[in-house]
Amino acid sequence: MAKSDNFDPYEVFRRSVERYGDLPALRIGDRTWTYAELDAHAASIAGWCDRNAPSGSRIAVHGRKELAAYAGILGILRSGRSYVPLHPDHPRARWQVVLESSGAAACVADPSSTRALGDLVDRPVLSNWDGERPADVRQGSEAYVMFTSGSTGGPKGVPISRSNVSAYLEHMLTHHRFTTGDRFTQLFALTFDLSVHDLFVCWGSGGCLCVPGEDSALRISSYIASNGITVWFSVPSAVALLRRMRALVPGAFPGLKHSFFCGEALSWDLAHAWSEAAPNSAITNLYGPTEATIAITSFDVRAAMAHASGTVPLGGPIGTNEVQVSGDEGSSEGELWLAGPQVAQGYLGAAEATSRAFIHLPGDDAVWYRTGDRVRKDGEGILHFLGRLDDQVKVLGHRVEPAEVDFALAPLVPNGTVLTLATTLNGTTRLVTFIDTMMDTAPLVARLQEVLPPYMIPERIIAVDGFPTTGHGKVDRNALFKIADNG
Ligand code: AMP
């Protein structure tokens, strides 16, 4: 057995059930479940999976942050199957794409989500597992499939193996000193792979996962205090929002011991403000694409705080993962490539996209994932983020390929061209879509709401009478940015 098999996500939870059965494992709003209680739910759901889906199959989880989703994820893994989360706020057409391309054989949902799914799923749906015969633990190979925005149309599914997750958990659970008294945030949507860190780093430590109730999701400061949160994990945008709400004051969060950030660039300015608000907390900047399982590089922010400005570095690879900077010979700048135990093998049913992004080098067995991120490696081997090499952007930490918006709109603009751009105002990225023919844009927004997640809906759609062009006849993006900024 490979060393990191001990850090299998279900296994780390199961060990905590054995050791800390009576301790709280999950708190949603005001309700709490112990490790033993949560495992009993998971065992019943695993039993249902055994009776309703082929072994080793994928099972969708409707990701409303209710017991069904958390026990569902555990139950699916316990049964040796893999989970595919559906975001409760995404349109049904998106769920359909995810269900079809993942081939999910069944679905776990709470009763109200089951109603929302309606006739969409012609597969067995579980919403009440009372009386289901519990199942034994089974080994599995795949842990989950997460879908990210794709530049050639629909979303891309990334299958992540249990050994990919094990490698991440091994680093997190051995490198950071969490204890059973720790209380972890759960702010990420279950469709965002950073939620996998929330769940399994917490449960692997014997801590309590604290899910904000719907009413406290916006009142983060009181959520931290009333739940005694000690471990924070969010995208930097969430902290920027706290600062705009004037909640990021020095000494505001004295109980925090660990803070993790990931998903987008963290400015030193924000890191400084956080370090003052959470004076007793270690601060770690994590970096990684979904394709490399949660996060694959790590940087200790406090160790470098004194003279820092600009963007917090990405640091170096965790565990036995490897990085290389692919650029001009002799240059320390270029595209970041990743390899190692956390890197996925490719996309679901998308051979072409896979062969573009996951490559083999001559004389090297490793699969290298080309991130599209531009980085610089300094003399000490520390990676610094310089931006993207393509059009991909982050909107509140969510990955967006503007071309996916264009693809969704194109059928409604048969006589024109659609171009979505991202502009940043006061540190907030927003999408603006241009159409090179005069038309009523109101129906277009309605159409997008039917097929895209809310964060992919452009803030504005602007129709212009032909795109401005540069001297070389190309679309003049700068002129379009000016229209977006002025309008
Ligand atoms: P996702 O697959 O949604 O996690 O998005 C991955 C992308 O987010 C990366 O390829 C980067 O462009 C960006 N990203 C993630 N973490 C960081 C970070 N700490 N600093 C800068 N960019 C980041």
# chains A, B, ... in the order shown; residues from 1 in each chain; ligands from 1
call {"tool": "residues_around", "arguments": {"residues": "range 39-49 of chain A", "least_positions_apart": "5", "cutoff": "6 Å", "atoms": "only C-alpha atoms", "output": "list of chain:residue names"}}
result
A:Ala71, A:Leu74, A:Gly75, A:Ile76, A:Ser79, A:Glu132, A:Arg133, A:Pro134, A:Ala135
call {"tool": "closest_atom_pairs", "arguments": {"of": "range 209-265 of chain A", "to": "range 175-194 of chain A", "cutoff": "6 Å", "atoms": "only C-alpha atoms", "output": "CSV"}}
result
residue,atom,partner,partner_atom,distance
A:Leu209,CA,A:Phe184,CA,5.0
A:Cys210,CA,A:Thr185,CA,5.4
A:Val211,CA,A:Gln186,CA,5.1
A:Ile229,CA,A:Arg183,CA,4.8
A:Thr230,CA,A:Arg183,CA,5.2
A:Val231,CA,A:Phe184,CA,4.7
A:Trp232,CA,A:Thr185,CA,5.4
call {"tool": "write_last_selection", "arguments": {"atoms": "all heavy atoms", "output": "compact mmCIF listing (two decimals), in the first residue's frame"}}
result
# COMPACT_ATOMS: atom_id res chain seq x y z
N LEU A 209 -16.93 20.84 11.24
CA LEU A 209 -17.18 21.63 10.02
C LEU A 209 -18.39 22.51 10.27
O LEU A 209 -19.48 21.99 10.52
CB LEU A 209 -17.43 20.68 8.85
CG LEU A 209 -17.51 21.31 7.47
CD1 LEU A 209 -16.13 21.82 7.04
CD2 LEU A 209 -18.03 20.31 6.45
N CYS A 210 -18.20 23.82 10.19
CA CYS A 210 -19.28 24.75 10.56
C CYS A 210 -19.84 25.41 9.30
O CYS A 210 -19.20 26.27 8.70
CB CYS A 210 -18.76 25.80 11.52
SG CYS A 210 -18.12 25.08 13.04
N VAL A 211 -21.03 24.99 8.92
CA VAL A 211 -21.67 25.48 7.70
C VAL A 211 -22.57 26.65 8.09
O VAL A 211 -23.45 26.47 8.92
CB VAL A 211 -22.52 24.36 7.06
CG1 VAL A 211 -23.14 24.83 5.76
CG2 VAL A 211 -21.67 23.10 6.85
N ILE A 229 -14.98 29.77 15.28
CA ILE A 229 -14.15 29.32 14.15
C ILE A 229 -12.67 29.52 14.46
O ILE A 229 -12.25 30.57 14.95
CB ILE A 229 -14.51 30.12 12.87
CG1 ILE A 229 -15.97 29.87 12.45
CG2 ILE A 229 -13.53 29.83 11.73
CD1 ILE A 229 -16.28 28.50 11.94
N THR A 230 -11.86 28.48 14.17
CA THR A 230 -10.40 28.58 14.35
C THR A 230 -9.65 28.43 13.02
O THR A 230 -8.49 28.79 12.93
CB THR A 230 -9.88 27.50 15.32
OG1 THR A 230 -10.24 26.22 14.80
CG2 THR A 230 -10.47 27.67 16.72
N VAL A 231 -10.31 27.83 12.01
CA VAL A 231 -9.64 27.62 10.72
C VAL A 231 -10.49 28.25 9.62
O VAL A 231 -11.64 27.86 9.41
CB VAL A 231 -9.44 26.12 10.42
CG1 VAL A 231 -8.66 25.94 9.12
CG2 VAL A 231 -8.73 25.42 11.56
N TRP A 232 -9.91 29.22 8.95
CA TRP A 232 -10.60 29.98 7.90
C TRP A 232 -10.08 29.57 6.54
O TRP A 232 -8.87 29.40 6.37
CB TRP A 232 -10.34 31.47 8.12
CG TRP A 232 -10.79 32.36 7.00
CD1 TRP A 232 -10.09 32.71 5.88
CD2 TRP A 232 -12.07 33.00 6.89
NE1 TRP A 232 -10.84 33.53 5.09
CE2 TRP A 232 -12.06 33.73 5.68
CE3 TRP A 232 -13.21 33.03 7.69
CZ2 TRP A 232 -13.15 34.49 5.25
CZ3 TRP A 232 -14.29 33.80 7.28
CH2 TRP A 232 -14.26 34.51 6.06
call {"tool": "closest_residue", "arguments": {"among": "A:Ala238, A:Ala408, A:Ala344, A:Leu286", "to": "ligand 1", "atoms": "only C-alpha atoms and all ligand atoms"}}
result
A:Leu286
call {"tool": "closest_atom_pairs", "arguments": {"of": "chain A", "to": "ligand 1", "cutoff": "6 Å", "atoms": "only C-alpha atoms and all ligand atoms", "output": "tab-separated table"}}
result
residue	atom	partner	partner_atom_place_in_ligand_line	distance
A:Cys262	CA	ligand 1	16 (N)	4.6
A:Gly263	CA	ligand 1	15 (C)	3.5
A:Glu264	CA	ligand 1	23 (C)	3.6
A:Ala265	CA	ligand 1	21 (C)	3.4
A:Leu266	CA	ligand 1	20 (N)	5.9
A:Asn285	CA	ligand 1	19 (N)	5.6
A:Leu286	CA	ligand 1	19 (N)	5.0
A:Tyr287	CA	ligand 1	16 (N)	3.6
A:Gly288	CA	ligand 1	15 (C)	4.9
A:Pro289	CA	ligand 1	6 (C)	3.5
A:Thr290	CA	ligand 1	2 (O)	3.7
A:Leu314	CA	ligand 1	19 (N)	5.7
A:Thr371	CA	ligand 1	10 (O)	5.5
A:Asp373	CA	ligand 1	12 (O)	5.5
A:Phe385	CA	ligand 1	21 (C)	5.8
A:His398	CA	ligand 1	3 (O)	5.5
A:Arg399	CA	ligand 1	3 (O)	4.5
call {"tool": "atom_distance", "arguments": {"atom1": "CA of Thr174 in chain A", "atom2": "CA of Asp269 in chain A"}}
result
29.6 Å
call {"tool": "select_by_dssp", "arguments": {"residues": "range 202-338 of chain A", "states": "strand (DSSP E)", "output": "NGL selection string"}}
result
:A and (208-211 or 231-234 or 258-261 or 282-287 or 297-300 or 316-317 or 322-326 or 333-338)
call {"tool": "atom_distance", "arguments": {"atom1": "CA of Val235 in chain A", "atom2": "CA of Ala295 in chain A"}}
result
12.3 Å
call {"tool": "select_by_dssp", "arguments": {"residues": "range 306-480 of chain A", "states": "alpha helix (DSSP H)", "output": "NGL selection string"}}
result
:A and (351-357 or 402-409 or 442-451 or 477-480)
call {"tool": "closest_residue", "arguments": {"among": "A:Val400, A:Ala53, A:Ala167, A:Ala308", "to": "Arg430 in chain A", "atoms": "only C-alpha atoms"}}
result
A:Val400
call {"tool": "residues_around", "arguments": {"residues": "Leu336 in chain A", "least_positions_apart": "4", "cutoff": "8 Å", "atoms": "only C-alpha atoms", "output": "PDB file with all heavy atoms, in the first residue's frame"}}
result
ATOM      1  N   VAL A 323       6.983  21.112 -10.250  1.00  0.00           N
ATOM      2  CA  VAL A 323       6.596  22.239 -11.103  1.00  0.00           C
ATOM      3  C   VAL A 323       7.742  22.515 -12.070  1.00  0.00           C
ATOM      4  O   VAL A 323       8.891  22.231 -11.768  1.00  0.00           O
ATOM      5  CB  VAL A 323       6.327  23.517 -10.270  1.00  0.00           C
ATOM      6  CG1 VAL A 323       5.168  23.322  -9.324  1.00  0.00           C
ATOM      7  CG2 VAL A 323       7.570  23.959  -9.493  1.00  0.00           C
ATOM      8  N   GLN A 324       7.401  23.054 -13.232  1.00  0.00           N
ATOM      9  CA  GLN A 324       8.443  23.607 -14.093  1.00  0.00           C
ATOM     10  C   GLN A 324       7.886  24.810 -14.818  1.00  0.00           C
ATOM     11  O   GLN A 324       6.674  24.925 -15.046  1.00  0.00           O
ATOM     12  CB  GLN A 324       9.011  22.579 -15.059  1.00  0.00           C
ATOM     13  CG  GLN A 324       8.064  22.014 -16.073  1.00  0.00           C
ATOM     14  CD  GLN A 324       8.824  21.226 -17.148  1.00  0.00           C
ATOM     15  OE1 GLN A 324       9.611  21.787 -17.903  1.00  0.00           O
ATOM     16  NE2 GLN A 324       8.578  19.921 -17.200  1.00  0.00           N
ATOM     17  N   VAL A 325       8.798  25.738 -15.095  1.00  0.00           N
ATOM     18  CA  VAL A 325       8.395  26.956 -15.785  1.00  0.00           C
ATOM     19  C   VAL A 325       8.834  26.799 -17.234  1.00  0.00           C
ATOM     20  O   VAL A 325      10.022  26.682 -17.522  1.00  0.00           O
ATOM     21  CB  VAL A 325       9.059  28.186 -15.134  1.00  0.00           C
ATOM     22  CG1 VAL A 325       8.656  29.456 -15.879  1.00  0.00           C
ATOM     23  CG2 VAL A 325       8.662  28.267 -13.662  1.00  0.00           C
ATOM     24  N   SER A 326       7.846  26.757 -18.135  1.00  0.00           N
ATOM     25  CA  SER A 326       8.163  26.512 -19.528  1.00  0.00           C
ATOM     26  C   SER A 326       8.166  27.838 -20.278  1.00  0.00           C
ATOM     27  O   SER A 326       7.116  28.425 -20.530  1.00  0.00           O
ATOM     28  CB  SER A 326       7.108  25.568 -20.108  1.00  0.00           C
ATOM     29  OG  SER A 326       7.204  25.559 -21.479  1.00  0.00           O
ATOM     30  N   ARG A 370      -0.529  21.746 -18.281  1.00  0.00           N
ATOM     31  CA  ARG A 370      -0.177  23.130 -18.634  1.00  0.00           C
ATOM     32  C   ARG A 370      -1.246  24.044 -18.050  1.00  0.00           C
ATOM     33  O   ARG A 370      -2.397  24.000 -18.486  1.00  0.00           O
ATOM     34  CB  ARG A 370      -0.144  23.293 -20.148  1.00  0.00           C
ATOM     35  CG  ARG A 370       0.797  22.328 -20.845  1.00  0.00           C
ATOM     36  CD  ARG A 370       0.721  22.503 -22.333  1.00  0.00           C
ATOM     37  NE  ARG A 370       0.951  23.918 -22.644  1.00  0.00           N
ATOM     38  CZ  ARG A 370       1.176  24.371 -23.869  1.00  0.00           C
ATOM     39  NH1 ARG A 370       1.208  23.548 -24.893  1.00  0.00           N
ATOM     40  NH2 ARG A 370       1.369  25.654 -24.083  1.00  0.00           N
ATOM     41  N   THR A 371      -0.863  24.873 -17.101  1.00  0.00           N
ATOM     42  CA  THR A 371      -1.877  25.632 -16.357  1.00  0.00           C
ATOM     43  C   THR A 371      -2.419  26.840 -17.106  1.00  0.00           C
ATOM     44  O   THR A 371      -3.498  27.333 -16.798  1.00  0.00           O
ATOM     45  CB  THR A 371      -1.293  26.168 -15.030  1.00  0.00           C
ATOM     46  OG1 THR A 371      -0.228  27.065 -15.349  1.00  0.00           O
ATOM     47  CG2 THR A 371      -0.798  25.044 -14.149  1.00  0.00           C
ATOM     48  N   GLY A 372      -1.620  27.387 -18.058  1.00  0.00           N
ATOM     49  CA  GLY A 372      -2.020  28.662 -18.671  1.00  0.00           C
ATOM     50  C   GLY A 372      -1.702  29.846 -17.765  1.00  0.00           C
ATOM     51  O   GLY A 372      -1.996  30.989 -18.100  1.00  0.00           O
ATOM     52  N   ASP A 373      -1.095  29.586 -16.610  1.00  0.00           N
ATOM     53  CA  ASP A 373      -0.698  30.676 -15.707  1.00  0.00           C
ATOM     54  C   ASP A 373       0.736  31.092 -16.011  1.00  0.00           C
ATOM     55  O   ASP A 373       1.603  30.236 -16.218  1.00  0.00           O
ATOM     56  CB  ASP A 373      -0.779  30.225 -14.240  1.00  0.00           C
ATOM     57  CG  ASP A 373      -2.212  30.082 -13.778  1.00  0.00           C
ATOM     58  OD1 ASP A 373      -3.032  30.950 -14.127  1.00  0.00           O
ATOM     59  OD2 ASP A 373      -2.529  29.094 -13.076  1.00  0.00           O
ATOM     60  N   ARG A 374       0.955  32.410 -16.045  1.00  0.00           N
ATOM     61  CA  ARG A 374       2.306  32.921 -16.282  1.00  0.00           C
ATOM     62  C   ARG A 374       2.951  33.197 -14.930  1.00  0.00           C
ATOM     63  O   ARG A 374       2.345  33.864 -14.072  1.00  0.00           O
ATOM     64  CB  ARG A 374       2.234  34.218 -17.104  1.00  0.00           C
ATOM     65  CG  ARG A 374       3.506  34.548 -17.865  1.00  0.00           C
ATOM     66  CD  ARG A 374       3.170  35.514 -18.990  1.00  0.00           C
ATOM     67  NE  ARG A 374       2.739  36.804 -18.452  1.00  0.00           N
ATOM     68  CZ  ARG A 374       3.554  37.747 -18.006  1.00  0.00           C
ATOM     69  NH1 ARG A 374       4.870  37.572 -18.008  1.00  0.00           N
ATOM     70  NH2 ARG A 374       3.069  38.893 -17.561  1.00  0.00           N
ATOM     71  N   VAL A 375       4.133  32.639 -14.735  1.00  0.00           N
ATOM     72  CA  VAL A 375       4.804  32.777 -13.430  1.00  0.00           C
ATOM     73  C   VAL A 375       6.273  33.123 -13.624  1.00  0.00           C
ATOM     74  O   VAL A 375       6.831  32.970 -14.712  1.00  0.00           O
ATOM     75  CB  VAL A 375       4.716  31.467 -12.603  1.00  0.00           C
ATOM     76  CG1 VAL A 375       3.270  31.107 -12.286  1.00  0.00           C
ATOM     77  CG2 VAL A 375       5.421  30.320 -13.304  1.00  0.00           C
TER      78      VAL A 375
END
call {"tool": "closest_residue", "arguments": {"among": "A:Ser195, A:Ser141, A:Ser226, A:Ser101", "to": "Arg27 in chain A", "atoms": "only C-alpha atoms"}}
result
A:Ser226
call {"tool": "residues_around", "arguments": {"residues": "Thr428 in chain A", "least_positions_apart": "5", "cutoff": "9 Å", "atoms": "only C-alpha atoms", "output": "PyMOL selection string"}}
result
chain A and resi 237+395-396+423
call {"tool": "atom_distance", "arguments": {"atom1": "CA of Arg94 in chain A", "atom2": "CA of Gly427 in chain A"}}
result
28.7 Å
call {"tool": "closest_residue", "arguments": {"among": "A:Leu199, A:Ile462, A:Leu448, A:Val61", "to": "Asp436 in chain A", "atoms": "only C-alpha atoms"}}
result
A:Ile462
call {"tool": "closest_residue", "arguments": {"among": "A:Val125, A:Val201, A:Leu38, A:Ala104", "to": "Phe7 in chain A", "atoms": "only C-alpha atoms"}}
result
A:Val201
call {"tool": "residues_around", "arguments": {"residues": "range 270-279 of chain A", "least_positions_apart": "5", "cutoff": "7 Å", "atoms": "only C-alpha atoms", "output": "PyMOL selection string"}}
result
chain A and resi 248-254+256
call {"tool": "residues_around", "arguments": {"residues": "Phe467 in chain A", "least_positions_apart": "6", "cutoff": "12 Å", "atoms": "only C-alpha atoms", "output": "list in words"}}
result
Gly416, Thr417, Val418, Leu419, Thr433, Phe434, Ile435, Asp436, Thr437, Met438, Gly473, Lys474, Val475, Asp476, Arg477, Asn478, Ala479, Leu480, Phe481 and Ile483 of chain A
call {"tool": "residues_around", "arguments": {"residues": "Ser163 in chain A", "least_positions_apart": "3", "cutoff": "10 Å", "atoms": "only C-alpha atoms", "output": "PyMOL selection string"}}
result
chain A and resi 2+4-9+140-143+160+166-169+341-344
